[in-house]
>>> print(open('model_10.cif').read())   # mmCIF, C-alpha atoms
data_my_file
loop_
_atom_site.label_atom_id
_atom_site.label_comp_id
_atom_site.auth_asym_id
_atom_site.auth_seq_id
_atom_site.Cartn_x
_atom_site.Cartn_y
_atom_site.Cartn_z
CA MET A 28 -72.93 70.26 111.72
CA LEU A 29 -75.32 73.15 112.18
CA PHE A 30 -75.69 75.53 115.15
CA GLY A 31 -73.02 73.45 116.88
CA PHE A 32 -75.04 70.22 116.72
CA GLU A 33 -73.54 67.18 114.96
CA TRP A 34 -75.80 64.74 113.15
CA ASP A 35 -75.52 61.02 113.50
CA THR A 36 -76.17 59.17 110.25
CA SER A 37 -75.59 55.67 111.64
CA SER A 38 -79.31 54.84 111.52
CA ASN A 39 -82.55 56.58 110.61
CA TRP A 40 -83.63 56.86 114.23
CA ALA A 41 -80.28 58.18 115.40
CA PHE A 42 -80.37 60.71 112.55
CA ALA A 43 -83.87 61.87 113.45
CA VAL A 44 -82.97 62.23 117.12
CA SER A 45 -79.72 64.05 116.36
CA ILE A 46 -81.32 66.65 114.08
CA LEU A 47 -84.31 67.36 116.34
CA PRO A 48 -82.49 70.03 118.39
CA ILE A 49 -81.38 71.73 115.14
CA LEU A 50 -84.95 71.77 113.82
CA LEU A 51 -86.19 73.13 117.15
CA ARG A 52 -83.72 76.01 116.80
CA GLY A 53 -85.35 76.69 113.44
CA MET A 54 -88.77 76.41 115.07
CA ILE A 55 -87.88 79.19 117.49
CA VAL A 56 -87.09 81.46 114.54
CA THR A 57 -90.39 80.41 112.92
CA ILE A 58 -92.29 81.35 116.07
CA GLN A 59 -90.43 84.67 116.42
CA ALA A 60 -91.21 85.58 112.81
CA THR A 61 -94.85 84.54 113.34
CA LEU A 62 -95.26 86.73 116.41
CA LEU A 63 -93.51 89.75 114.91
CA GLY A 64 -95.44 89.40 111.64
CA PHE A 65 -98.68 89.05 113.60
CA PHE A 66 -97.91 92.16 115.61
CA VAL A 67 -97.29 94.19 112.43
CA ALA A 68 -100.49 92.78 110.89
CA VAL A 69 -102.59 93.67 113.94
CA VAL A 70 -101.29 97.25 114.14
CA LEU A 71 -101.19 97.95 110.39
CA GLY A 72 -104.61 96.32 109.95
CA LEU A 73 -106.11 98.64 112.55
CA ILE A 74 -104.66 101.69 110.79
CA LEU A 75 -105.94 100.44 107.43
CA ALA A 76 -109.38 99.74 108.88
CA ALA A 77 -109.53 103.25 110.33
CA LEU A 78 -108.45 104.81 107.01
CA LYS A 79 -110.96 102.73 105.06
CA SER A 80 -113.82 103.87 107.26
CA ALA A 81 -112.84 107.53 106.91
CA PRO A 82 -115.71 109.69 105.64
CA LEU A 83 -113.41 111.42 103.12
CA LYS A 84 -113.19 109.45 99.86
CA ILE A 85 -109.73 110.81 99.21
CA ILE A 86 -108.53 108.92 102.30
CA SER A 87 -110.73 105.83 102.22
CA TRP A 88 -110.34 105.08 98.52
CA PRO A 89 -106.52 104.71 98.41
CA ALA A 90 -106.69 102.58 101.57
CA LYS A 91 -109.22 100.29 99.91
CA LEU A 92 -107.16 100.03 96.74
CA PHE A 93 -104.04 99.29 98.78
CA THR A 94 -105.82 96.52 100.71
CA GLU A 95 -107.12 94.97 97.50
CA PHE A 96 -103.70 95.16 95.85
CA VAL A 97 -101.86 93.61 98.80
CA ARG A 98 -104.44 90.86 99.15
CA ASP A 99 -104.35 89.94 95.46
CA THR A 100 -100.58 89.68 95.03
CA PRO A 101 -98.33 86.84 96.26
CA LEU A 102 -96.43 87.17 99.52
CA LEU A 103 -93.31 85.85 97.78
CA ILE A 104 -93.23 88.76 95.31
CA GLN A 105 -94.01 91.30 98.03
CA LEU A 106 -91.13 89.86 100.02
CA PHE A 107 -88.75 90.10 97.05
CA PHE A 108 -89.97 93.62 96.44
CA LEU A 109 -89.20 94.72 100.00
CA TYR A 110 -85.93 92.78 100.08
CA TYR A 111 -84.48 94.12 96.83
CA VAL A 112 -86.21 97.47 96.34
CA LEU A 113 -86.00 99.05 99.81
CA PRO A 114 -82.16 98.96 99.86
CA GLU A 115 -82.14 100.89 96.57
CA TYR A 116 -83.72 103.73 98.52
CA GLY A 117 -81.23 103.40 101.36
CA ILE A 118 -83.51 101.42 103.69
CA VAL A 119 -81.61 98.32 104.75
CA PHE A 120 -83.21 95.89 107.18
CA PRO A 121 -81.90 92.49 108.22
CA ALA A 122 -83.59 89.66 106.29
CA PHE A 123 -85.58 88.55 109.33
CA LEU A 124 -87.11 92.01 109.80
CA THR A 125 -87.89 92.39 106.09
CA GLY A 126 -89.55 88.98 106.19
CA ALA A 127 -91.66 89.77 109.25
CA LEU A 128 -92.60 93.10 107.67
CA ALA A 129 -93.73 91.36 104.47
CA LEU A 130 -95.80 88.87 106.48
CA GLY A 131 -97.36 91.69 108.47
CA LEU A 132 -98.08 93.71 105.34
CA GLN A 133 -99.76 90.81 103.54
CA TYR A 134 -101.90 89.91 106.55
CA SER A 135 -102.78 93.52 107.42
CA ALA A 136 -105.05 93.40 104.36
CA TYR A 137 -106.90 90.50 105.98
CA THR A 138 -106.92 91.80 109.56
CA SER A 139 -108.28 95.18 108.47
CA GLU A 140 -111.38 93.32 107.24
CA VAL A 141 -111.62 91.51 110.59
CA TYR A 142 -111.85 94.82 112.45
CA ARG A 143 -114.44 96.13 110.03
CA ALA A 144 -116.55 92.96 110.17
CA GLY A 145 -116.33 92.83 113.96
CA ILE A 146 -117.51 96.39 114.34
CA GLU A 147 -120.22 96.13 111.71
CA ALA A 148 -121.58 92.92 113.27
CA VAL A 149 -122.79 94.89 116.29
CA ALA A 150 -126.54 95.16 115.80
CA ARG A 151 -128.04 98.40 114.60
CA GLY A 152 -130.43 98.42 117.56
CA GLN A 153 -127.48 98.74 119.92
CA HIS A 154 -126.54 102.07 118.36
CA GLU A 155 -130.13 103.24 118.57
CA ALA A 156 -130.42 102.15 122.19
CA ALA A 157 -127.21 104.00 123.04
CA ARG A 158 -128.57 107.11 121.36
CA ALA A 159 -131.88 106.78 123.23
CA LEU A 160 -129.87 106.65 126.46
CA ASN A 161 -128.12 109.85 125.38
CA PHE A 162 -124.63 108.31 124.97
CA ALA A 163 -122.14 110.45 123.09
CA GLY A 164 -120.62 109.03 119.89
CA LEU A 165 -117.26 108.16 121.43
CA HIS A 166 -118.93 106.80 124.53
CA THR A 167 -121.11 104.55 122.38
CA PHE A 168 -118.04 103.24 120.60
CA THR A 169 -116.00 102.48 123.73
CA HIS A 170 -118.81 101.23 125.95
CA VAL A 171 -121.27 99.61 123.56
CA VAL A 172 -119.60 98.72 120.25
CA LEU A 173 -116.08 97.69 121.31
CA PRO A 174 -117.08 95.33 124.16
CA GLN A 175 -119.23 93.40 121.68
CA ALA A 176 -116.82 93.62 118.75
CA ILE A 177 -113.72 92.37 120.59
CA PRO A 178 -115.03 88.82 121.29
CA ARG A 179 -115.69 88.51 117.54
CA ILE A 180 -112.36 89.99 116.49
CA ILE A 181 -110.03 87.95 118.71
CA PRO A 182 -110.81 84.42 117.40
CA ALA A 183 -110.59 85.61 113.77
CA MET A 184 -107.21 87.16 114.56
CA GLY A 185 -106.13 83.86 116.08
CA ASN A 186 -106.91 82.07 112.84
CA TYR A 187 -104.71 84.52 110.95
CA LEU A 188 -101.93 83.93 113.47
CA VAL A 189 -102.01 80.26 112.45
CA SER A 190 -102.01 81.23 108.76
CA ILE A 191 -99.01 83.50 109.28
CA MET A 192 -97.14 80.64 110.90
CA LYS A 193 -97.76 78.50 107.81
CA ASP A 194 -96.42 81.26 105.56
CA VAL A 195 -93.17 81.74 107.48
CA PRO A 196 -91.28 79.12 105.36
CA ILE A 197 -91.51 81.59 102.46
CA LEU A 198 -89.00 83.72 104.37
CA SER A 199 -86.38 81.05 103.65
CA VAL A 200 -85.95 82.59 100.15
CA VAL A 201 -84.32 85.64 101.71
CA THR A 202 -81.98 83.45 103.81
CA VAL A 203 -84.00 83.48 107.06
CA LEU A 204 -83.02 80.31 108.92
CA GLU A 205 -86.53 79.20 109.87
CA MET A 206 -87.48 75.56 110.31
CA LEU A 207 -87.94 74.58 106.64
CA ASN A 208 -84.71 76.27 105.58
CA VAL A 209 -82.83 74.44 108.34
CA ALA A 210 -84.34 71.14 107.19
CA ARG A 211 -83.29 71.84 103.61
CA ILE A 212 -79.74 72.62 104.63
CA ILE A 213 -79.58 69.33 106.55
CA GLY A 214 -80.98 67.61 103.45
CA ASP A 215 -78.47 69.30 101.15
CA ARG A 216 -75.55 68.19 103.31
CA THR A 217 -76.63 64.64 104.13
CA PHE A 218 -78.58 63.82 100.92
CA ASN A 219 -81.39 62.75 103.20
CA TYR A 220 -84.37 65.05 102.66
CA LEU A 221 -87.02 62.57 103.70
CA ILE A 222 -86.42 62.60 107.45
CA PRO A 223 -85.87 66.35 108.06
CA LEU A 224 -88.71 67.42 105.75
CA SER A 225 -91.12 64.88 107.25
CA MET A 226 -90.15 66.01 110.74
CA VAL A 227 -90.83 69.63 109.79
CA GLY A 228 -94.26 68.54 108.51
CA GLY A 229 -94.90 66.76 111.81
CA ILE A 230 -93.79 69.71 113.92
CA TYR A 231 -95.98 72.02 111.86
CA LEU A 232 -98.95 69.74 112.37
CA ILE A 233 -98.42 69.79 116.14
CA LEU A 234 -97.94 73.57 116.19
CA THR A 235 -101.08 74.31 114.17
CA LEU A 236 -103.22 71.77 116.05
CA VAL A 237 -102.14 73.26 119.38
CA ALA A 238 -102.61 76.84 118.16
CA SER A 239 -106.03 76.05 116.66
CA ALA A 240 -107.14 74.37 119.88
CA GLY A 241 -105.98 77.46 121.76
CA VAL A 242 -107.99 79.73 119.46
CA ARG A 243 -111.08 77.52 119.93
CA MET A 244 -110.72 77.62 123.69
CA LEU A 245 -110.28 81.39 123.62
CA ASP A 246 -113.38 81.67 121.45
CA GLN A 247 -115.42 79.68 123.94
CA ALA A 248 -114.02 81.55 126.93
CA LEU A 249 -114.91 84.98 125.54
CA PRO A 250 -118.37 86.15 126.56
CA LYS A 251 -120.42 86.39 123.36
CA ARG A 252 -122.65 89.12 124.76
CA GLY A 253 -119.78 91.46 125.30
CA LEU A 254 -116.54 91.87 127.18
CA PRO A 255 -116.82 94.19 130.19
CA LEU A 256 -114.05 96.73 129.64
CA LYS A 257 -113.85 98.02 133.20
CA MET B 9 -82.22 96.36 78.59
CA HIS B 10 -85.17 98.73 78.23
CA TRP B 11 -88.14 98.01 80.48
CA THR B 12 -90.43 97.20 77.54
CA GLU B 13 -88.13 94.29 76.76
CA TYR B 14 -89.11 92.72 80.09
CA PHE B 15 -92.60 92.04 78.78
CA ASN B 16 -91.69 89.09 76.62
CA PRO B 17 -90.08 86.87 79.28
CA LEU B 18 -92.59 88.00 81.91
CA LEU B 19 -95.56 87.16 79.69
CA GLN B 20 -94.09 83.72 79.03
CA GLY B 21 -93.91 83.22 82.78
CA ALA B 22 -97.42 84.60 83.25
CA TRP B 23 -98.74 82.01 80.79
CA VAL B 24 -97.19 79.22 82.88
CA THR B 25 -98.79 80.78 85.98
CA VAL B 26 -102.19 80.82 84.24
CA GLN B 27 -101.89 77.16 83.27
CA LEU B 28 -100.74 76.14 86.75
CA THR B 29 -103.64 78.04 88.30
CA PHE B 30 -106.11 76.46 85.90
CA TYR B 31 -105.05 72.85 86.40
CA SER B 32 -104.53 73.05 90.14
CA THR B 33 -107.85 74.84 90.70
CA ILE B 34 -109.75 72.16 88.74
CA LEU B 35 -107.93 69.30 90.45
CA GLY B 36 -108.27 71.08 93.80
CA ALA B 37 -112.03 71.44 93.30
CA LEU B 38 -112.35 67.71 92.59
CA LEU B 39 -110.36 66.90 95.75
CA ALA B 40 -112.45 69.41 97.72
CA PHE B 41 -115.70 67.70 96.72
CA ALA B 42 -114.30 64.21 97.33
CA ALA B 43 -112.96 65.03 100.80
CA GLY B 44 -115.78 67.41 101.74
CA ILE B 45 -118.47 64.85 100.90
CA GLY B 46 -116.27 62.13 102.42
CA LYS B 47 -116.19 63.98 105.73
CA THR B 48 -120.00 63.99 105.89
CA SER B 49 -120.17 60.30 104.90
CA ARG B 50 -121.50 57.69 107.33
CA ASN B 51 -118.79 55.25 106.22
CA LEU B 52 -116.04 55.37 108.86
CA LEU B 53 -113.25 54.62 106.37
CA PHE B 54 -114.20 57.44 103.97
CA ARG B 55 -114.68 59.79 106.87
CA SER B 56 -111.28 59.04 108.45
CA ILE B 57 -109.42 59.32 105.13
CA SER B 58 -111.04 62.69 104.51
CA VAL B 59 -110.36 63.97 108.02
CA VAL B 60 -106.70 62.92 107.92
CA TYR B 61 -106.22 64.43 104.45
CA ILE B 62 -107.84 67.73 105.45
CA GLU B 63 -105.97 68.02 108.76
CA VAL B 64 -102.57 67.17 107.28
CA PHE B 65 -102.80 69.55 104.34
CA ARG B 66 -104.42 72.41 106.25
CA GLY B 67 -102.14 71.89 109.22
CA THR B 68 -98.82 72.12 107.41
CA SER B 69 -97.31 74.80 105.25
CA LEU B 70 -97.75 74.67 101.46
CA LEU B 71 -94.02 75.15 100.95
CA VAL B 72 -93.29 72.19 103.24
CA GLN B 73 -95.72 70.08 101.18
CA LEU B 74 -94.16 71.23 97.93
CA PHE B 75 -90.62 70.47 99.09
CA TRP B 76 -91.72 67.16 100.54
CA LEU B 77 -93.24 66.06 97.22
CA TYR B 78 -90.25 67.30 95.25
CA PHE B 79 -87.29 66.37 97.48
CA ALA B 80 -88.51 63.72 99.93
CA LEU B 81 -90.96 61.63 97.89
CA PRO B 82 -88.23 60.28 95.52
CA LEU B 83 -86.45 58.90 98.59
CA VAL B 84 -89.62 57.13 99.68
CA GLY B 85 -89.78 55.67 96.18
CA GLN B 86 -86.16 54.57 96.42
CA ALA B 87 -86.86 52.80 99.70
CA ILE B 88 -89.79 50.83 98.27
CA GLY B 89 -88.26 50.40 94.82
CA ILE B 90 -90.57 52.62 92.73
CA ASP B 91 -89.43 55.64 90.74
CA LEU B 92 -91.32 58.51 92.39
CA ARG B 93 -89.22 61.34 91.01
CA LEU B 94 -91.77 63.92 89.92
CA PRO B 95 -91.02 66.56 87.29
CA PRO B 96 -91.42 70.07 88.79
CA VAL B 97 -94.70 70.64 86.91
CA ILE B 98 -96.33 67.55 88.39
CA ALA B 99 -94.98 68.16 91.90
CA GLY B 100 -96.15 71.79 91.66
CA VAL B 101 -99.68 71.06 90.43
CA LEU B 102 -100.03 68.21 92.92
CA ALA B 103 -98.90 70.26 95.92
CA LEU B 104 -101.07 73.23 94.94
CA SER B 105 -104.20 71.17 94.35
CA LEU B 106 -103.76 68.98 97.44
CA ASN B 107 -103.35 72.12 99.53
CA ILE B 108 -106.22 74.15 98.09
CA GLY B 109 -108.37 70.99 97.96
CA ALA B 110 -108.06 70.59 101.75
CA TYR B 111 -109.23 74.17 102.29
CA GLY B 112 -112.01 73.69 99.74
CA ALA B 113 -113.12 70.48 101.45
CA GLU B 114 -114.04 72.42 104.58
CA VAL B 115 -116.08 74.81 102.41
CA VAL B 116 -117.89 71.89 100.75
CA ARG B 117 -118.57 70.20 104.09
CA GLY B 118 -119.84 73.42 105.64
CA ALA B 119 -122.16 74.14 102.72
CA ILE B 120 -123.57 70.59 102.70
CA GLN B 121 -124.17 70.68 106.44
CA SER B 122 -125.86 74.07 106.20
CA VAL B 123 -128.65 72.57 104.07
CA SER B 124 -131.58 72.41 106.44
CA LYS B 125 -132.36 69.12 108.20
CA ASP B 126 -135.98 69.33 106.99
CA GLN B 127 -134.76 68.93 103.43
CA TYR B 128 -133.13 65.59 104.25
CA GLU B 129 -136.20 64.46 106.16
CA ALA B 130 -138.42 65.39 103.25
CA ALA B 131 -136.10 63.46 100.91
CA LYS B 132 -136.28 60.45 103.21
CA ALA B 133 -140.06 60.68 103.36
CA LEU B 134 -140.08 60.64 99.55
CA ASN B 135 -137.98 57.48 99.66
CA PHE B 136 -134.79 59.03 98.24
CA THR B 137 -131.62 57.04 98.82
CA PRO B 138 -128.85 59.00 100.65
CA ARG B 139 -127.01 59.31 97.34
CA GLN B 140 -130.10 60.71 95.57
CA ALA B 141 -130.70 63.10 98.46
CA LEU B 142 -127.13 64.35 98.18
CA ARG B 143 -127.19 64.70 94.41
CA SER B 144 -130.67 66.11 93.83
CA ILE B 145 -131.45 67.87 97.10
CA ALA B 146 -128.32 68.88 99.01
CA LEU B 147 -125.76 69.72 96.30
CA PRO B 148 -127.98 71.99 94.14
CA GLN B 149 -128.59 74.09 97.25
CA ALA B 150 -125.08 73.80 98.68
CA ILE B 151 -123.05 74.60 95.55
CA PRO B 152 -124.27 78.21 95.22
CA GLU B 153 -123.34 78.69 98.89
CA MET B 154 -119.81 77.44 98.17
CA MET B 155 -119.14 79.85 95.34
CA PRO B 156 -118.07 83.02 97.23
CA PRO B 157 -115.46 81.15 99.35
CA PHE B 158 -114.39 79.22 96.25
CA GLY B 159 -113.73 82.54 94.53
CA ASN B 160 -111.42 83.55 97.39
CA LEU B 161 -109.67 80.18 97.28
CA ALA B 162 -109.09 80.47 93.52
CA VAL B 163 -107.33 83.81 94.02
CA GLN B 164 -105.42 82.28 96.94
CA ASN B 165 -104.35 79.48 94.62
CA LEU B 166 -103.18 81.94 91.96
CA LYS B 167 -101.02 83.66 94.58
CA ASP B 168 -99.70 80.32 95.83
CA THR B 169 -98.49 79.35 92.35
CA ALA B 170 -95.62 81.81 92.87
CA LEU B 171 -94.07 79.28 95.26
CA VAL B 172 -93.46 76.72 92.50
CA SER B 173 -90.73 79.02 91.21
CA LEU B 174 -88.72 77.67 94.16
CA ILE B 175 -88.58 74.20 92.57
CA SER B 176 -87.32 75.82 89.36
CA LEU B 177 -90.59 75.92 87.44
CA GLY B 178 -90.54 78.80 84.94
CA ASP B 179 -93.60 80.72 86.13
CA LEU B 180 -93.96 84.50 86.45
CA ALA B 181 -92.12 84.66 89.79
CA PHE B 182 -89.27 82.57 88.37
CA ARG B 183 -88.90 84.76 85.26
CA ALA B 184 -88.87 87.84 87.47
CA GLU B 185 -86.07 86.42 89.57
CA GLN B 186 -84.10 85.50 86.42
CA LEU B 187 -84.53 89.00 84.99
CA ARG B 188 -83.49 90.56 88.26
CA ASN B 189 -80.33 88.48 88.39
CA PHE B 190 -79.56 89.58 84.84
CA THR B 191 -80.42 93.30 84.98
CA GLN B 192 -80.42 94.18 88.73
CA ASP B 193 -83.38 96.45 87.92
CA SER B 194 -85.50 95.16 90.81
CA THR B 195 -87.85 98.14 91.21
CA THR B 196 -89.19 98.04 87.64
CA ILE B 197 -89.34 94.26 87.42
CA TYR B 198 -91.10 93.60 90.70
CA THR B 199 -93.52 96.50 90.19
CA MET B 200 -94.46 95.05 86.80
CA VAL B 201 -94.80 91.56 88.26
CA LEU B 202 -96.97 92.75 91.17
CA LEU B 203 -99.25 94.55 88.71
CA MET B 204 -99.43 91.46 86.49
CA TYR B 205 -100.44 89.26 89.42
CA PHE B 206 -102.98 91.89 90.47
CA GLY B 207 -104.44 91.96 86.95
CA MET B 208 -104.65 88.16 86.81
CA ALA B 209 -106.31 88.07 90.24
CA LEU B 210 -108.93 90.62 89.15
CA VAL B 211 -109.72 88.63 85.99
CA LEU B 212 -109.92 85.38 87.97
CA ALA B 213 -112.19 86.98 90.60
CA GLY B 214 -114.40 88.27 87.77
CA LEU B 215 -114.62 84.81 86.19
CA MET B 216 -115.53 83.27 89.54
CA LYS B 217 -118.27 85.90 89.95
CA LEU B 218 -119.69 84.87 86.55
CA LEU B 219 -119.63 81.22 87.60
CA GLU B 220 -121.30 82.19 90.88
CA ARG B 221 -124.12 83.89 89.01
CA TYR B 222 -124.48 80.86 86.73
CA VAL B 223 -124.78 78.28 89.51
CA GLY B 224 -126.94 80.66 91.53
CA ARG B 225 -129.81 79.63 89.26
CA TRP B 226 -129.67 76.09 90.66
CA ARG B 227 -131.16 77.40 93.87
CA MET B 228 -134.44 78.04 92.05
CA ALA B 229 -136.88 75.16 91.93
CA ARG B 230 -137.06 73.59 88.50
CA GLY B 231 -140.14 71.90 87.14
#
>>> encode(input="model_10.cif", output="structure tokens")
Amino acid sequence: MLFGFEWDTSSNWAFAVSILPILLRGMIVTIQATLLGFFVAVVLGLILAALKSAPLKIISWPAKLFTEFVRDTPLLIQLFFLYYVLPEYGIVFPAFLTGALALGLQYSAYTSEVYRAGIEAVARGQHEAARALNFAGLHTFTHVVLPQAIPRIIPAMGNYLVSIMKDVPILSVVTVLEMLNVARIIGDRTFNYLIPLSMVGGIYLILTLVASAGVRMLDQALPKRGLPLK
Amino acid sequence: MHWTEYFNPLLQGAWVTVQLTFYSTILGALLAFAAGIGKTSRNLLFRSISVVYIEVFRGTSLLVQLFWLYFALPLVGQAIGIDLRLPPVIAGVLALSLNIGAYGAEVVRGAIQSVSKDQYEAAKALNFTPRQALRSIALPQAIPEMMPPFGNLAVQNLKDTALVSLISLGDLAFRAEQLRNFTQDSTTIYTMVLLMYFGMALVLAGLMKLLERYVGRWRMARG
């Protein structure tokens, strides 16, 4: 029994049907962790991108080193680091929050590059045209650069959302009851790993296919020539 | 235990990580070429196998794949009467290379398809078979294009090896967890481990850059 649901081991089909609601409970946790991690990655990535583009080397250089370091080290170790080291300094988060924070931290290194690439992809001539029209610097950014950068940034962010979802099972090591952890517990108690683990694989496949299709549709729906911001 | 005493067990683990990365990157590259070329094939069977392989392994989580190979596959073997119990090393290398191979396959496919149509037409005009066109025309131009994403995937693979510690393989992440259980000195241990992974990633990225420069010469026409 898990989350108040009994499993029925009389036949393979009955077993699969009886554990589906338990796995779906795990799926909800997976989706929550994905969304929270994504939110942290989007916000932290923006801050990192801003710091990295700072004209002062003393600001931009540490931000670049930090990005490189986070991107080149495994999420699992970063998660352990946050989970075991933060409490030593009196910062105690629930496992779920620590996990989402680790996901967001790891992916902020990637999203910060998305912002940079999106902004740099706006053609040089656009800046020159804005200057010829006597736009101020901030005005150029909000009315010329951003409307063209956003349609490039959003689909790339969507792809990272899907990647984050696939990394959520790592959170099981700090006792987060996401879908894979739930499946393992069912396996441990019934000695049948095949059905729960295969079902988790199937659910993941559906989730990522749906999410990827959503990202593709969003990509097509966004006007490539720029998003009117008014 | 003084922190310098951590080096010995951690380096032992790091050596396992290096070996895992090496074997799974090589095997992953082979799978990437097989599936990437398979996806561009005109043979429906090859194409469907490649598409299914790529979608399944890119669409599910690496940890799910690893656990499936390690915990679920033996039960499949039991059902059909074959012993499919894999030792952790084999399950680990297999999961890592199948996963990274699926990502690499998309890189290979993209690079092959980015070779200009004119090149294939010219090859056809010169009476090249499709296989000759692929081997002598498309690949020498496509491989240098693949190298920068391959470099990223190799580093990704190095980072992913940390997950095999969860099926009790004694890599760097596993040794770190053991040491932490023993000494409770998490700050020092995990800082050292993060720096070790960072160092290995920098070396690996450097090696991939060298390889990139080496295959870059294939782009030039040879007499």
>>> resolve_selection(input="model_10.cif", expression="the PyMOL selection byres ((chain B) within 6 of (chain A))", output="ChimeraX atom specification")
/B:67-69,80,167,195,198,205-206,209
>>> residues_near_point(input="model_10.cif", point="(-122.3, 76.7, 98.9)", cutoff="12 Å", atoms="only C-alpha atoms", output="NGL selection string")
:B and (41 or 44 or 112-123 or 146-159 or 220 or 223-224 or 226-227)
>>> atom_distance(input="model_10.cif", atom1="CA of Val101 in chain B", atom2="CA of Thr29 in chain B")
8.3 Å
>>> residues_around(input="model_10.cif", residues="Ala183 in chain A", least_positions_apart="6", cutoff="9 Å", atoms="only C-alpha atoms", output="PyMOL selection string")
chain A and resi 138+141+242
>>> residues_around(input="model_10.cif", residues="Val44 in chain A", least_positions_apart="6", cutoff="12 Å", atoms="only C-alpha atoms", output="PDB file with C-alpha atoms, in the frame of the given file")
ATOM      1  CA  PHE A  32     -75.040  70.220 116.720  1.00  0.00           C
ATOM      2  CA  GLU A  33     -73.540  67.180 114.960  1.00  0.00           C
ATOM      3  CA  TRP A  34     -75.800  64.740 113.150  1.00  0.00           C
ATOM      4  CA  ASP A  35     -75.520  61.020 113.500  1.00  0.00           C
ATOM      5  CA  THR A  36     -76.170  59.170 110.250  1.00  0.00           C
ATOM      6  CA  SER A  37     -75.590  55.670 111.640  1.00  0.00           C
ATOM      7  CA  SER A  38     -79.310  54.840 111.520  1.00  0.00           C
ATOM      8  CA  LEU A  50     -84.950  71.770 113.820  1.00  0.00           C
ATOM      9  CA  LEU A  51     -86.190  73.130 117.150  1.00  0.00           C
ATOM     10  CA  ILE A 222     -86.420  62.600 107.450  1.00  0.00           C
ATOM     11  CA  PRO A 223     -85.870  66.350 108.060  1.00  0.00           C
ATOM     12  CA  MET A 226     -90.150  66.010 110.740  1.00  0.00           C
TER      13      MET A 226
END
>>> residues_around(input="model_10.cif", residues="Asn107 in chain B", least_positions_apart="5", cutoff="8 Å", atoms="all atoms listed in the file", output="PyMOL selection string")
chain B and resi 36+65-66+70
>>> resolve_selection(input="model_10.cif", expression="the PyMOL selection byres ((chain A and resi 80) around 12)", output="PDB file with C-alpha atoms, in the frame of the given file")
ATOM      1  CA  LEU A  73    -106.110  98.640 112.550  1.00  0.00           C
ATOM      2  CA  ILE A  74    -104.660 101.690 110.790  1.00  0.00           C
ATOM      3  CA  LEU A  75    -105.940 100.440 107.430  1.00  0.00           C
ATOM      4  CA  ALA A  76    -109.380  99.740 108.880  1.00  0.00           C
ATOM      5  CA  ALA A  77    -109.530 103.250 110.330  1.00  0.00           C
ATOM      6  CA  LEU A  78    -108.450 104.810 107.010  1.00  0.00           C
ATOM      7  CA  LYS A  79    -110.960 102.730 105.060  1.00  0.00           C
ATOM      8  CA  ALA A  81    -112.840 107.530 106.910  1.00  0.00           C
ATOM      9  CA  PRO A  82    -115.710 109.690 105.640  1.00  0.00           C
ATOM     10  CA  LEU A  83    -113.410 111.420 103.120  1.00  0.00           C
ATOM     11  CA  LYS A  84    -113.190 109.450  99.860  1.00  0.00           C
ATOM     12  CA  ILE A  85    -109.730 110.810  99.210  1.00  0.00           C
ATOM     13  CA  ILE A  86    -108.530 108.920 102.300  1.00  0.00           C
ATOM     14  CA  SER A  87    -110.730 105.830 102.220  1.00  0.00           C
ATOM     15  CA  TRP A  88    -110.340 105.080  98.520  1.00  0.00           C
ATOM     16  CA  PRO A  89    -106.520 104.710  98.410  1.00  0.00           C
ATOM     17  CA  ALA A  90    -106.690 102.580 101.570  1.00  0.00           C
ATOM     18  CA  LYS A  91    -109.220 100.290  99.910  1.00  0.00           C
ATOM     19  CA  SER A 139    -108.280  95.180 108.470  1.00  0.00           C
ATOM     20  CA  GLU A 140    -111.380  93.320 107.240  1.00  0.00           C
ATOM     21  CA  TYR A 142    -111.850  94.820 112.450  1.00  0.00           C
ATOM     22  CA  ARG A 143    -114.440  96.130 110.030  1.00  0.00           C
ATOM     23  CA  ALA A 144    -116.550  92.960 110.170  1.00  0.00           C
ATOM     24  CA  ILE A 146    -117.510  96.390 114.340  1.00  0.00           C
ATOM     25  CA  GLU A 147    -120.220  96.130 111.710  1.00  0.00           C
TER      26      GLU A 147
END
>>> residues_near_point(input="model_10.cif", point="(-108.6, 88.2, 115.4)", cutoff="10 Å", atoms="all atoms listed in the file", output="PyMOL selection string")
chain A and resi 69+137-139+141-142+145+177-188+242
>>> write_last_selection(input="model_10.cif", atoms="C-alpha atoms", output="tab-separated table (two decimals), keeping the file's coordinate frame")
chain	number	residue	atom	x	y	z
A	69	VAL	CA	-102.59	93.67	113.94
A	137	TYR	CA	-106.90	90.50	105.98
A	138	THR	CA	-106.92	91.80	109.56
A	139	SER	CA	-108.28	95.18	108.47
A	141	VAL	CA	-111.62	91.51	110.59
A	142	TYR	CA	-111.85	94.82	112.45
A	145	GLY	CA	-116.33	92.83	113.96
A	177	ILE	CA	-113.72	92.37	120.59
A	178	PRO	CA	-115.03	88.82	121.29
A	179	ARG	CA	-115.69	88.51	117.54
A	180	ILE	CA	-112.36	89.99	116.49
A	181	ILE	CA	-110.03	87.95	118.71
A	182	PRO	CA	-110.81	84.42	117.40
A	183	ALA	CA	-110.59	85.61	113.77
A	184	MET	CA	-107.21	87.16	114.56
A	185	GLY	CA	-106.13	83.86	116.08
A	186	ASN	CA	-106.91	82.07	112.84
A	187	TYR	CA	-104.71	84.52	110.95
A	188	LEU	CA	-101.93	83.93	113.47
A	242	VAL	CA	-107.99	79.73	119.46
>>> resolve_selection(input="model_10.cif", expression="the PyMOL selection byres ((chain B and resi 11-23) around 8)", output="list of chain:residue names")
B:Met9, B:His10, B:Val24, B:Thr25, B:Val26, B:Gln27, B:Gly178, B:Asp179, B:Leu180, B:Ala181, B:Phe182, B:Arg183, B:Ala184, B:Leu187, B:Thr196, B:Ile197, B:Val201, B:Met204
